Amino acid sequence: MVTTSAPGKAILFGEHSVVYGEPAVAVAIDARVEVSVEPCDGVWKMDGLSLDSGRHPHVVSLRNAVLGEDFQPHAIQVRSDLFSAAGLGSSAALSAAGCAALLSLSSQPLDEEKIATFAHHAEAQAQEGRASPIDTSTATLGGCVLVSNKREELANWKYTRNLETPEGEREWEIHSINLPSSASDIWLVVGYTGIHAPTTDLVKGVAELLSNKPEKMSDIARMGEVARNGVSALSVGDYIEVGKLMDEAHQLLVGLGVSCPELDDMVEVARRTSFGAKLTGAGGGGCMLALTDKPDETAAALEMRGGRVLVTPLGAPGVTLEKP
């Protein structure tokens, strides 16, 4: 049996604006998807069912790309710590961990760029040819990741990702952000509203808003500035400034119409015991996150508001081979 795992992610800065070429910053969270693979008789299986491209598009794509359709049958089991359909990158974590497991089966090295590439292609194939590499890169690399349309001097460039989409070829530059030792004393508290809102609808809504109110593009540009300033503050451990920028990012997202009363309420409550708080992901529900050095107090306050809570360090290890 081969067992691998990969982390989920939370976006600190840049959701929605990344669609328009601005940078985005994501952090790997200490909640993981674990994939175990072992030989079996008959056909390929996933969680006891026959592996099927309709139910398991990511895994079928990865199996075909890494091993080929004729590789001997194996049974795949998946275990997840992540809230389901909450914008925390569960499918990307599955793709990264699954790719690592399949590479290990065929005795191929677990090269980070290869895993990120295969995982990104699997995500895109499952999403009608469109997918940002931010989730799969964070699941693969771990830590804190910056994605931009250009190489940024603020972070360590890792690799370039290209994807042929229905709208033409897209290109992203992937970076890692070095966090100072003081980051070990800082926590992210993720609060889940329990509301599922389709990402596609929210992205479409922002596009329509910008079409009707082109002056709102200034907010998109400001979100890019906030992301870059956030990287600078993170790099030197200025968490007060990071928190202020998170607060501003949330207000900019509110202005784009992607928040909701439940998210706004949880953000307001969390700010009382944290450096800053904001929604994370597409919005409309899903999750928010707070940056804090008082994780127990922040988590308790969010739970009192009825939220499901996950407490995580600021950064977690990327894709890992747990059992060769």
# chains A, B, ... in the order shown; residues from 1 in each chain; ligands from 1

$ residues_around --residues "segment 14-22 of chain A" --least-positions-apart "6" --cutoff "9 Å" --atoms "only C-alpha atoms" --output "JSON, numbers by chain"
{"A": [132, 147, 148, 149, 150, 172, 202, 203, 206, 219, 220, 221, 223, 224, 225, 226, 227, 249, 253, 280, 281, 282, 283]}

$ closest_residue --among "A:Ala316, A:Met46, A:Ile174, A:Ala100" --to "Val78 of chain A" --atoms "only C-alpha atoms"
A:Met46

$ residues_around --residues "Met1 of chain A" --least-positions-apart "4" --cutoff "9 Å" --atoms "only C-alpha atoms" --output "number ranges by chain"
A: 36-39, 105, 323-324

$ write_last_selection --atoms "N, CA and C atoms" --output "compact mmCIF listing (two decimals), in the first residue's frame"
# COMPACT_ATOMS: atom_id res chain seq x y z
N SER A 36 -4.80 6.51 -0.07
CA SER A 36 -4.13 5.21 0.03
C SER A 36 -4.48 4.39 -1.21
N VAL A 37 -3.47 3.73 -1.78
CA VAL A 37 -3.65 2.95 -3.00
C VAL A 37 -3.01 1.58 -2.81
N GLU A 38 -3.75 0.51 -3.15
CA GLU A 38 -3.21 -0.84 -3.06
C GLU A 38 -3.78 -1.69 -4.18
N PRO A 39 -3.07 -2.74 -4.59
CA PRO A 39 -3.56 -3.59 -5.68
C PRO A 39 -4.89 -4.25 -5.33
N LEU A 105 3.67 4.64 -7.09
CA LEU A 105 3.36 3.28 -7.57
C LEU A 105 4.25 2.89 -8.74
N LYS A 323 3.42 6.65 3.53
CA LYS A 323 3.75 5.23 3.63
C LYS A 323 4.12 4.72 2.24
N PRO A 324 5.41 4.51 1.96
CA PRO A 324 5.82 4.04 0.64
C PRO A 324 5.45 2.57 0.44

$ select_by_dssp --residues "segment 207-307 of chain A" --states "alpha helix (DSSP H)" --output "ChimeraX atom specification"
/A:207-212,217-236,239-255,261-271,295-304

$ closest_residue --among "A:Arg271, A:Lys45, A:Arg161, A:His175" --to "Ile240 of chain A" --atoms "only C-alpha atoms"
A:Arg271

$ closest_residue --among "A:Ile195, A:Leu102, A:Met304, A:Cys260" --to "Val59 of chain A" --atoms "only C-alpha atoms"
A:Leu102

$ closest_residue --among "A:Ala86, A:Leu245, A:Val66, A:Ile29" --to "Ala119 of chain A" --atoms "only C-alpha atoms"
A:Val66

$ select_by_dssp --residues "segment 66-266 of chain A" --states "strand (DSSP E)" --output "PyMOL selection string"
chain A and resi 74-80+144-148+156-165+168-176+187-192

$ write_last_selection --atoms "C-alpha atoms" --output "compact mmCIF listing (two decimals), in the first residue's frame"
# COMPACT_ATOMS: atom_id res chain seq x y z
CA HIS A 74 -5.73 -0.72 -7.75
CA ALA A 75 -8.17 0.31 -5.05
CA ILE A 76 -8.03 3.93 -3.87
CA GLN A 77 -9.26 5.08 -0.47
CA VAL A 78 -9.64 8.75 0.45
CA ARG A 79 -9.87 10.32 3.90
CA SER A 80 -10.35 14.08 4.38
CA CYS A 144 2.62 30.20 1.84
CA VAL A 145 2.28 30.63 -1.93
CA LEU A 146 2.04 33.68 -4.21
CA VAL A 147 0.54 33.34 -7.69
CA SER A 148 0.89 36.20 -10.16
CA ASN A 156 10.87 33.13 -4.27
CA TRP A 157 9.97 32.17 -7.84
CA LYS A 158 9.38 28.42 -8.20
CA TYR A 159 8.00 27.69 -11.67
CA THR A 160 5.73 28.84 -14.49
CA ARG A 161 2.35 27.20 -15.12
CA ASN A 162 0.64 27.31 -18.50
CA LEU A 163 -2.85 26.17 -19.43
CA GLU A 164 -4.74 26.20 -22.71
CA THR A 165 -8.24 27.38 -21.79
CA GLY A 168 -6.80 31.05 -24.98
CA GLU A 169 -3.53 30.24 -23.24
CA ARG A 170 -3.06 31.45 -19.67
CA GLU A 171 0.26 31.73 -17.84
CA TRP A 172 0.99 32.10 -14.13
CA GLU A 173 4.19 32.51 -12.11
CA ILE A 174 4.27 30.49 -8.90
CA HIS A 175 6.28 31.68 -5.86
CA SER A 176 6.85 30.61 -2.28
CA TRP A 187 -2.62 31.00 13.99
CA LEU A 188 -5.37 31.03 11.43
CA VAL A 189 -8.89 30.30 12.66
CA VAL A 190 -11.15 29.20 9.83
CA GLY A 191 -14.90 29.52 10.37
CA TYR A 192 -17.35 27.66 8.13

$ closest_atom_pairs --of "segment 54-166 of chain A" --to "segment 2-5 of chain A" --cutoff "9 Å" --atoms "only C-alpha atoms" --output "tab-separated table"
residue	atom	partner	partner_atom	distance
A:Ala93	CA	A:Ser5	CA	7.7
A:Leu94	CA	A:Ser5	CA	8.0
A:Ala96	CA	A:Ser5	CA	8.0
A:Ala97	CA	A:Ser5	CA	4.9
A:Gly98	CA	A:Thr4	CA	7.3
A:Ala100	CA	A:Thr4	CA	6.6
A:Ala101	CA	A:Thr4	CA	5.8
A:Leu102	CA	A:Val2	CA	8.5
A:Ser104	CA	A:Val2	CA	7.3
A:Leu105	CA	A:Val2	CA	7.1

$ write_last_selection --atoms "C-alpha atoms" --output "tab-separated table (two decimals), in the first residue's frame"
chain	number	residue	atom	x	y	z
A	93	ALA	CA	-5.51	18.36	-2.25
A	94	LEU	CA	-7.00	15.13	-3.59
A	96	ALA	CA	-1.94	16.49	-5.47
A	97	ALA	CA	-1.99	13.57	-3.03
A	98	GLY	CA	-3.43	11.25	-5.68
A	100	ALA	CA	2.00	11.61	-5.63
A	101	ALA	CA	0.56	8.17	-4.83
A	102	LEU	CA	0.39	7.18	-8.51
A	104	SER	CA	5.14	6.39	-6.22
A	105	LEU	CA	3.36	3.28	-7.57

$ closest_residue --among "A:Ala277, A:Leu263, A:Leu234, A:Leu103" --to "Met246 of chain A" --atoms "only C-alpha atoms"
A:Ala277

$ closest_residue --among "A:Pro295, A:Ala207, A:Pro214, A:Arg63" --to "Phe118 of chain A" --atoms "only C-alpha atoms"
A:Arg63

$ residues_around --residues "Leu154 of chain A" --least-positions-apart "2" --cutoff "7 Å" --atoms "only C-alpha atoms" --output "number ranges by chain"
A: 152, 231-232

$ write_last_selection --atoms "C-alpha atoms" --output "PDB file, in the first residue's frame"
ATOM      1  CA  GLU A 152       7.437  39.038  -8.266  1.00  0.00           C
ATOM      2  CA  VAL A 231       3.414  39.598   1.170  1.00  0.00           C
ATOM      3  CA  SER A 232       5.802  42.314   2.375  1.00  0.00           C
TER       4      SER A 232
END

$ residues_around --residues "Ala31 of chain A" --least-positions-apart "3" --cutoff "10 Å" --atoms "only C-alpha atoms" --output "PDB file with N, CA and C atoms, in the first residue's frame"
ATOM      1  N   SER A   5      -0.457  12.299   1.390  1.00  0.00           N
ATOM      2  CA  SER A   5      -1.405  13.310   1.848  1.00  0.00           C
ATOM      3  C   SER A   5      -1.004  14.675   1.307  1.00  0.00           C
ATOM      4  N   ALA A   6      -1.981  15.578   1.278  1.00  0.00           N
ATOM      5  CA  ALA A   6      -1.737  16.961   0.851  1.00  0.00           C
ATOM      6  C   ALA A   6      -2.679  17.870   1.623  1.00  0.00           C
ATOM      7  N   PRO A   7      -2.264  19.116   1.864  1.00  0.00           N
ATOM      8  CA  PRO A   7      -3.079  20.028   2.675  1.00  0.00           C
ATOM      9  C   PRO A   7      -4.144  20.767   1.870  1.00  0.00           C
ATOM     10  N   GLY A   8      -5.169  21.215   2.567  1.00  0.00           N
ATOM     11  CA  GLY A   8      -6.086  22.190   1.996  1.00  0.00           C
ATOM     12  C   GLY A   8      -5.445  23.561   2.015  1.00  0.00           C
ATOM     13  N   LYS A   9      -6.201  24.556   1.600  1.00  0.00           N
ATOM     14  CA  LYS A   9      -5.654  25.905   1.527  1.00  0.00           C
ATOM     15  C   LYS A   9      -6.704  26.928   1.931  1.00  0.00           C
ATOM     16  N   ALA A  28      -1.200  27.045   3.064  1.00  0.00           N
ATOM     17  CA  ALA A  28      -1.598  25.665   3.309  1.00  0.00           C
ATOM     18  C   ALA A  28      -2.069  25.537   4.757  1.00  0.00           C
ATOM     19  N   GLU A  34      -5.944  12.523   2.626  1.00  0.00           N
ATOM     20  CA  GLU A  34      -5.039  11.376   2.590  1.00  0.00           C
ATOM     21  C   GLU A  34      -5.543  10.377   1.548  1.00  0.00           C
ATOM     22  N   SER A  80     -10.529  12.623   4.389  1.00  0.00           N
ATOM     23  CA  SER A  80     -10.354  14.078   4.376  1.00  0.00           C
ATOM     24  C   SER A  80     -10.691  14.696   5.725  1.00  0.00           C
ATOM     25  N   ASP A  81      -9.846  15.655   6.131  1.00  0.00           N
ATOM     26  CA  ASP A  81     -10.108  16.467   7.329  1.00  0.00           C
ATOM     27  C   ASP A  81     -10.854  17.754   6.986  1.00  0.00           C
ATOM     28  N   LEU A  82     -11.052  18.029   5.707  1.00  0.00           N
ATOM     29  CA  LEU A  82     -11.557  19.332   5.264  1.00  0.00           C
ATOM     30  C   LEU A  82     -13.080  19.369   5.260  1.00  0.00           C
ATOM     31  N   PHE A  83     -13.633  20.558   5.542  1.00  0.00           N
ATOM     32  CA  PHE A  83     -15.060  20.751   5.353  1.00  0.00           C
ATOM     33  C   PHE A  83     -15.374  20.542   3.868  1.00  0.00           C
ATOM     34  N   LEU A  88     -11.979  25.267   0.552  1.00  0.00           N
ATOM     35  CA  LEU A  88     -10.683  25.044   1.193  1.00  0.00           C
ATOM     36  C   LEU A  88      -9.761  24.152   0.357  1.00  0.00           C
ATOM     37  N   SER A  90     -10.287  21.186  -1.341  1.00  0.00           N
ATOM     38  CA  SER A  90     -10.291  19.734  -1.121  1.00  0.00           C
ATOM     39  C   SER A  90     -10.002  18.960  -2.404  1.00  0.00           C
ATOM     40  N   ALA A  93      -6.279  19.213  -3.159  1.00  0.00           N
ATOM     41  CA  ALA A  93      -5.511  18.364  -2.250  1.00  0.00           C
ATOM     42  C   ALA A  93      -5.622  16.905  -2.670  1.00  0.00           C
ATOM     43  N   LEU A 310     -12.014  25.489  12.413  1.00  0.00           N
ATOM     44  CA  LEU A 310     -10.764  24.758  12.227  1.00  0.00           C
ATOM     45  C   LEU A 310      -9.627  25.712  12.604  1.00  0.00           C
ATOM     46  N   VAL A 311      -8.749  25.280  13.492  1.00  0.00           N
ATOM     47  CA  VAL A 311      -7.607  26.102  13.912  1.00  0.00           C
ATOM     48  C   VAL A 311      -6.344  25.504  13.299  1.00  0.00           C
ATOM     49  N   THR A 312      -5.560  26.330  12.636  1.00  0.00           N
ATOM     50  CA  THR A 312      -4.393  25.829  11.913  1.00  0.00           C
ATOM     51  C   THR A 312      -3.213  26.777  12.069  1.00  0.00           C
ATOM     52  N   ALA A 316       1.420  24.893   6.419  1.00  0.00           N
ATOM     53  CA  ALA A 316       1.513  23.463   6.732  1.00  0.00           C
ATOM     54  C   ALA A 316       2.327  22.787   5.649  1.00  0.00           C
TER      55      ALA A 316
END
